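Asks: my_file38.cif is the file, holding mmCIF, C-alpha atoms:
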data_coords
loop_
_atom_site.label_atom_id
_atom_site.label_comp_id
_atom_site.auth_asym_id
_atom_site.auth_seq_id
_atom_site.Cartn_x
_atom_site.Cartn_y
_atom_site.Cartn_z
CA ASP A 1 76.70 128.74 90.72
CA PRO A 2 76.91 132.11 92.49
CA GLY A 3 78.00 130.40 95.72
CA THR A 4 81.18 129.17 94.05
CA PHE A 5 82.06 132.69 92.92
CA LYS A 6 81.38 134.06 96.40
CA THR A 7 83.68 131.43 97.95
CA ILE A 8 86.42 132.25 95.46
CA GLY A 9 85.94 135.98 96.15
CA ASP A 10 86.19 135.35 99.88
CA LYS A 11 89.59 133.74 99.19
CA GLY A 12 90.84 137.00 97.63
CA VAL A 13 90.13 136.64 93.91
CA LEU A 14 89.29 140.13 92.68
CA ALA A 15 88.11 139.32 89.16
CA TYR A 16 87.24 136.42 86.92
CA VAL A 17 87.83 136.75 83.19
CA GLY A 18 86.26 134.09 81.00
CA ASP A 19 86.26 133.44 77.27
CA SER A 20 83.06 132.10 75.79
CA THR A 21 84.19 131.94 72.14
CA ASN A 22 84.07 128.14 72.05
CA ALA A 23 81.70 127.58 74.96
CA GLY A 24 79.57 125.30 72.78
CA VAL A 25 82.49 122.97 72.05
CA GLU A 26 82.69 120.02 74.43
CA GLY A 27 85.85 119.23 76.37
CA TYR A 28 88.76 121.36 77.37
CA SER A 29 90.84 123.84 75.45
CA GLY A 30 94.33 122.70 74.56
CA SER A 31 97.55 124.30 75.68
CA GLU A 32 99.35 127.04 73.78
CA SER A 33 102.55 125.03 74.31
CA ASP A 34 100.99 122.35 72.09
CA VAL A 35 100.43 125.00 69.41
CA GLU A 36 104.09 126.01 69.60
CA LYS A 37 105.14 122.39 69.04
CA GLY A 38 102.58 121.90 66.27
CA LEU A 39 103.66 125.05 64.46
CA ALA A 40 107.33 124.11 64.79
CA ALA A 41 106.61 120.72 63.18
CA LEU A 42 104.48 122.30 60.44
CA PHE A 43 107.09 125.00 59.71
CA LYS A 44 109.67 122.25 59.22
CA GLU A 45 107.50 120.85 56.40
CA CYS A 46 107.25 124.22 54.60
CA GLU A 47 109.90 124.92 52.00
CA LYS A 48 109.34 128.61 51.21
CA ARG A 49 107.84 131.69 52.86
CA ILE A 50 105.28 131.15 55.61
CA VAL A 51 102.55 133.61 56.54
CA VAL A 52 100.51 132.93 59.68
CA THR A 53 97.31 134.87 60.20
CA ILE A 54 95.88 135.21 63.70
CA PHE A 55 93.87 137.44 65.99
CA ALA A 56 96.20 140.37 66.73
CA SER A 57 95.31 140.28 70.43
CA ASN A 58 96.56 136.71 70.88
CA ILE A 59 99.96 137.44 72.43
CA GLY A 60 100.39 133.79 73.43
CA ARG A 61 100.01 132.80 69.77
CA ILE A 62 102.49 135.44 68.65
CA ARG A 63 104.99 134.02 71.14
CA SER A 64 104.28 130.47 69.91
CA ILE A 65 104.86 131.49 66.30
CA CYS A 66 108.10 133.25 67.21
CA LYS A 67 109.40 130.24 69.16
CA ALA A 68 108.40 127.83 66.36
CA ALA A 69 110.17 130.08 63.84
CA GLU A 70 113.28 130.22 66.02
CA THR A 71 113.30 126.40 66.24
CA ASN A 72 113.33 126.34 62.43
CA ASN A 73 115.97 129.08 61.98
CA ARG A 74 113.46 131.53 60.57
CA SER A 75 113.17 135.24 61.27
CA VAL A 76 109.77 136.80 61.94
CA ALA A 77 108.10 139.95 60.62
CA ILE A 78 104.71 141.31 61.65
CA LEU A 79 102.18 143.08 59.42
CA GLY A 80 99.25 145.11 60.63
CA ARG A 81 98.76 148.12 62.86
CA SER A 82 96.89 146.14 65.49
CA LEU A 83 99.69 143.55 65.65
CA HIS A 84 102.31 146.27 66.05
CA ARG A 85 100.23 147.90 68.78
CA MET A 86 99.65 144.63 70.67
CA VAL A 87 103.28 143.54 70.40
CA GLY A 88 104.42 146.97 71.62
CA ILE A 89 102.20 146.71 74.67
CA ALA A 90 103.31 143.12 75.34
CA ARG A 91 106.98 144.13 75.08
CA ASN A 92 106.42 147.05 77.49
CA LEU A 93 104.82 144.65 79.97
CA GLY A 94 107.69 142.15 79.67
CA TYR A 95 105.70 139.40 77.93
CA MET A 96 108.03 139.33 74.92
CA ASP A 97 111.40 139.54 76.68
CA ASP A 98 112.53 136.13 75.40
CA VAL A 99 111.37 136.75 71.82
CA ARG A 100 113.87 137.95 69.20
CA ASP A 101 113.35 141.29 67.50
CA PHE A 102 111.13 141.33 64.44
CA ILE A 103 112.33 141.99 60.92
CA ASP A 104 111.24 145.40 59.66
CA GLU A 105 108.54 145.25 56.98
CA ALA A 106 110.78 147.06 54.51
CA ASP A 107 113.43 144.32 54.93
CA ILE A 108 111.14 141.37 54.23
CA ASP A 109 112.49 140.91 50.70
CA VAL A 110 116.08 140.85 52.00
CA ILE A 111 115.43 137.62 53.94
CA PRO A 112 115.45 134.41 51.86
CA ARG A 113 111.92 133.02 51.51
CA GLU A 114 112.83 129.79 53.29
CA ASN A 115 114.08 131.74 56.32
CA LEU A 116 111.06 133.90 57.05
CA VAL A 117 107.72 133.72 58.84
CA VAL A 118 105.33 136.65 58.54
CA ILE A 119 102.55 137.14 61.08
CA ALA A 120 99.62 138.99 59.51
CA THR A 121 96.27 140.31 60.65
CA GLY A 122 93.05 139.12 59.06
CA SER A 123 92.28 135.57 60.14
CA GLN A 124 88.57 136.40 59.94
CA GLY A 125 88.66 137.57 56.32
CA GLU A 126 88.49 141.29 57.04
CA PRO A 127 88.97 143.00 53.64
CA ARG A 128 91.33 145.73 54.94
CA ALA A 129 93.48 143.36 56.99
CA GLN A 130 96.94 142.33 55.84
CA ILE A 131 96.19 138.76 54.71
CA ALA A 132 93.39 140.03 52.46
CA ARG A 133 95.76 142.63 51.01
CA ILE A 134 98.36 139.91 50.44
CA ALA A 135 95.72 137.74 48.74
CA ARG A 136 94.74 140.63 46.46
CA GLY A 137 98.38 141.33 45.66
CA ASP A 138 98.32 144.89 47.00
CA GLN A 139 100.46 144.48 50.12
CA ARG A 140 103.65 146.29 49.19
CA HIS A 141 106.12 144.22 51.22
CA VAL A 142 104.79 140.68 50.80
CA LYS A 143 104.19 139.04 47.45
CA LEU A 144 103.44 135.33 47.75
CA LYS A 145 104.49 132.81 45.14
CA GLU A 146 103.83 129.18 44.36
CA GLY A 147 105.35 127.08 47.12
CA ASP A 148 104.62 129.61 49.87
CA THR A 149 102.27 128.66 52.71
CA VAL A 150 99.56 130.60 54.54
CA ILE A 151 98.44 129.17 57.88
CA PHE A 152 95.14 130.27 59.41
CA SER A 153 95.89 129.80 63.11
CA ALA A 154 92.34 130.59 64.22
CA ARG A 155 88.85 129.18 63.85
CA PRO A 156 86.24 131.15 61.96
CA ILE A 157 83.86 133.19 64.05
CA PRO A 158 80.35 132.18 62.93
CA GLY A 159 79.25 134.55 60.19
CA ASN A 160 82.77 135.18 58.84
CA GLU A 161 83.05 131.99 56.81
CA LYS A 162 82.23 133.61 53.46
CA GLU A 163 84.87 136.35 53.83
CA ILE A 164 87.51 133.87 55.01
CA LYS A 165 86.82 131.52 52.09
CA PHE A 166 87.05 134.45 49.67
CA VAL A 167 90.57 135.26 50.92
CA GLN A 168 91.58 131.60 50.99
CA ASN A 169 90.31 131.04 47.44
CA ARG A 170 92.38 133.97 46.18
CA LEU A 171 95.47 132.52 47.85
CA ALA A 172 94.79 129.04 46.48
CA GLY A 173 94.25 130.55 43.03
CA ALA A 174 97.78 131.93 43.24
CA LYS A 175 99.02 128.37 43.99
CA VAL A 176 99.78 129.21 47.62
CA THR A 177 99.24 126.37 50.08
CA VAL A 178 96.49 127.29 52.55
CA ILE A 179 96.32 125.43 55.87
CA ASN A 180 93.47 125.61 58.38
CA PRO A 181 93.43 123.88 61.79
CA ARG A 182 91.35 121.03 60.30
CA ASP A 183 93.78 120.51 57.38
CA THR A 184 96.69 119.18 59.40
CA ASN A 185 97.48 116.65 62.10
CA HIS A 186 99.56 119.31 63.85
CA ILE A 187 97.92 121.39 66.57
CA ILE A 188 97.99 124.95 65.20
CA HIS A 189 95.12 126.47 67.15
CA VAL A 190 93.56 126.06 70.59
#
For the file at hand, write its structure as structure tokens.

Replies:
Amino acid sequence: DPGTFKTIGDKGVLAYVGDSTNAGVEGYSGSESDVEKGLAALFKECEKRIVVTIFASNIGRIRSICKAAETNNRSVAILGRSLHRMVGIARNLGYMDDVRDFIDEADIDVIPRENLVVIATGSQGEPRAQIARIARGDQRHVKLKEGDTVIFSARPIPGNEKEIKFVQNRLAGAKVTVINPRDTNHIIHV
């Protein structure tokens, strides 16, 4: 309704930014604070190393992962150029002031497996992204073992299902637990 937008503009709103990714899904989107709680509960159930793969641009999700890790006495490392770039920008803008510093990639093996969460790019199955490299076994800092968990904290974008399943099948073949939003009662994506 253009009249609604005009009224809002007359009240001083300069821009409207909308996300249509899940426009076809009925209802309302959940809260990122629910994801933080859901991840904290899920992390508590994981015994070894946890890798969470997300969209690198989702700063709210990065914060949720960091807070959930902190609740569970786990340090956090990030893998992927786009994640480093986004986190750097968010820190410069003050959005990460209450988030602890990340573990350097080269120090990942120094941290006991049960005390670490790794955030990695590639939730959509991109072959050059970090989670695909981990799944192939050619990521130099992260080698997953039986008992480790990979959490896909994103829904597939239509058309990416085949690539995502390929990565997930490689992980499952290595006896890594793979968790998607539909696989758990915990809210891990909104």

Asks: Enumerate, in order of chain and increasing residue number, the residues of region 30-70 of chain A with an atom no farther than 8 Å from region 83-102 of chain A, each with its shortest atom pair and distance in Å to one decimal, counting all atoms listed in the file, as a tab-separated table.

Replies:
residue	atom	partner	partner_atom	distance
A:Ala56	CA	A:Leu83	CA	4.8
A:Ser57	CA	A:Met86	CA	6.1
A:Ile59	CA	A:Ala90	CA	7.2
A:Arg63	CA	A:Val99	CA	7.0
A:Cys66	CA	A:Val99	CA	6.6
A:Lys67	CA	A:Val99	CA	7.3

Asks: Point out the residue among A:Leu42, A:Val76, A:Thr121, A:Lys145 with the least atom-to-atom distance to Gly173 (chain A), counting all atoms listed in the file.

Replies: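 Checking each candidate against Gly173 (chain A), we get A:Lys145 as the closest.
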
Asks: Run the PyMOL selection byres ((chain A and resi 110-117) around 6) mentally over the shown coordinates, then write out the matched residues as a PDB file with C-alpha atoms, in the frame of the given file, using the chain letters and numbers from the document.

Replies:
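Full text of selection.pdb as output:
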ATOM      1  CA  GLU A  47     109.900 124.920  52.000  1.00  0.00           C
ATOM      2  CA  LYS A  48     109.340 128.610  51.210  1.00  0.00           C
ATOM      3  CA  ARG A  49     107.840 131.690  52.860  1.00  0.00           C
ATOM      4  CA  ILE A  50     105.280 131.150  55.610  1.00  0.00           C
ATOM      5  CA  VAL A  51     102.550 133.610  56.540  1.00  0.00           C
ATOM      6  CA  ARG A  74     113.460 131.530  60.570  1.00  0.00           C
ATOM      7  CA  SER A  75     113.170 135.240  61.270  1.00  0.00           C
ATOM      8  CA  VAL A  76     109.770 136.800  61.940  1.00  0.00           C
ATOM      9  CA  ASP A 107     113.430 144.320  54.930  1.00  0.00           C
ATOM     10  CA  ILE A 108     111.140 141.370  54.230  1.00  0.00           C
ATOM     11  CA  ASP A 109     112.490 140.910  50.700  1.00  0.00           C
ATOM     12  CA  VAL A 118     105.330 136.650  58.540  1.00  0.00           C
TER      13      VAL A 118
END

Asks: What is the distance, in Å and to one decimal place, between CA of Ile78 (chain A) and CA of Ala120 (chain A)?

Replies: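 According to the coordinates, CA of Ile78 (chain A) and CA of Ala120 (chain A) are separated by 6.0 Å.
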
Asks: Can you turn the PyMOL selection byres ((chain A and resi 19-29) around 12) into a concrete residue list for this file, as a PyMOL selection string?

Replies: chain A and resi 16-18+30-35+154-158+187+189-190

Asks: Emit the selected residues as a PDB file, in the frame of the given file, including C-alpha atoms.

Replies:
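As written to disk, out31.pdb reads:
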ATOM      1  CA  TYR A  16      87.240 136.420  86.920  1.00  0.00           C
ATOM      2  CA  VAL A  17      87.830 136.750  83.190  1.00  0.00           C
ATOM      3  CA  GLY A  18      86.260 134.090  81.000  1.00  0.00           C
ATOM      4  CA  GLY A  30      94.330 122.700  74.560  1.00  0.00           C
ATOM      5  CA  SER A  31      97.550 124.300  75.680  1.00  0.00           C
ATOM      6  CA  GLU A  32      99.350 127.040  73.780  1.00  0.00           C
ATOM      7  CA  SER A  33     102.550 125.030  74.310  1.00  0.00           C
ATOM      8  CA  ASP A  34     100.990 122.350  72.090  1.00  0.00           C
ATOM      9  CA  VAL A  35     100.430 125.000  69.410  1.00  0.00           C
ATOM     10  CA  ALA A 154      92.340 130.590  64.220  1.00  0.00           C
ATOM     11  CA  ARG A 155      88.850 129.180  63.850  1.00  0.00           C
ATOM     12  CA  PRO A 156      86.240 131.150  61.960  1.00  0.00           C
ATOM     13  CA  ILE A 157      83.860 133.190  64.050  1.00  0.00           C
ATOM     14  CA  PRO A 158      80.350 132.180  62.930  1.00  0.00           C
ATOM     15  CA  ILE A 187      97.920 121.390  66.570  1.00  0.00           C
ATOM     16  CA  HIS A 189      95.120 126.470  67.150  1.00  0.00           C
ATOM     17  CA  VAL A 190      93.560 126.060  70.590  1.00  0.00           C
TER      18      VAL A 190
END

Asks: Here is a test: counting all atoms listed in the file, which residue of A:Ala172, A:Val178, A:Ala15, A:Ala129 is nearest to Phe55 (chain A)?

Replies: A:Ala129

Asks: On this structure, the PyMOL selection byres ((chain A and resi 143) around 12) would catch which residues? List them as a PyMOL selection string, sorted by chain and number.

Replies: chain A and resi 49-51+108-109+113+118+130-142+144-146+148-150+171+174+176

Asks: So what do you get for CA of Thr53 (chain A) versus CA of Ala77 (chain A), distance-wise?

Replies: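 Between these atoms lies a distance of 11.9 Å.
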
Asks: Near Ile179 (chain A), counting all atoms listed in the file, which residues have an atom at most 9 Å away, once you skip same-chain residues fewer than 3 positions from it, shown as a PyMOL selection string?

Replies: chain A and resi 149-153+182-184

Asks: With C-alpha atoms kept, could you save the residues just selected as an mmCIF file, in the coordinates of the input?

Replies:
data_model
loop_
_atom_site.group_PDB
_atom_site.id
_atom_site.type_symbol
_atom_site.label_atom_id
_atom_site.label_comp_id
_atom_site.auth_asym_id
_atom_site.auth_seq_id
_atom_site.Cartn_x
_atom_site.Cartn_y
_atom_site.Cartn_z
ATOM 1 C CA THR A 149 102.270 128.660 52.710
ATOM 2 C CA VAL A 150 99.560 130.600 54.540
ATOM 3 C CA ILE A 151 98.440 129.170 57.880
ATOM 4 C CA PHE A 152 95.140 130.270 59.410
ATOM 5 C CA SER A 153 95.890 129.800 63.110
ATOM 6 C CA ARG A 182 91.350 121.030 60.300
ATOM 7 C CA ASP A 183 93.780 120.510 57.380
ATOM 8 C CA THR A 184 96.690 119.180 59.400
#

Asks: Interatomic distance between CA of Ala68 (chain A) and CA of Asn180 (chain A)?

Replies: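 Computing it gives 17.1 Å between the two atoms.
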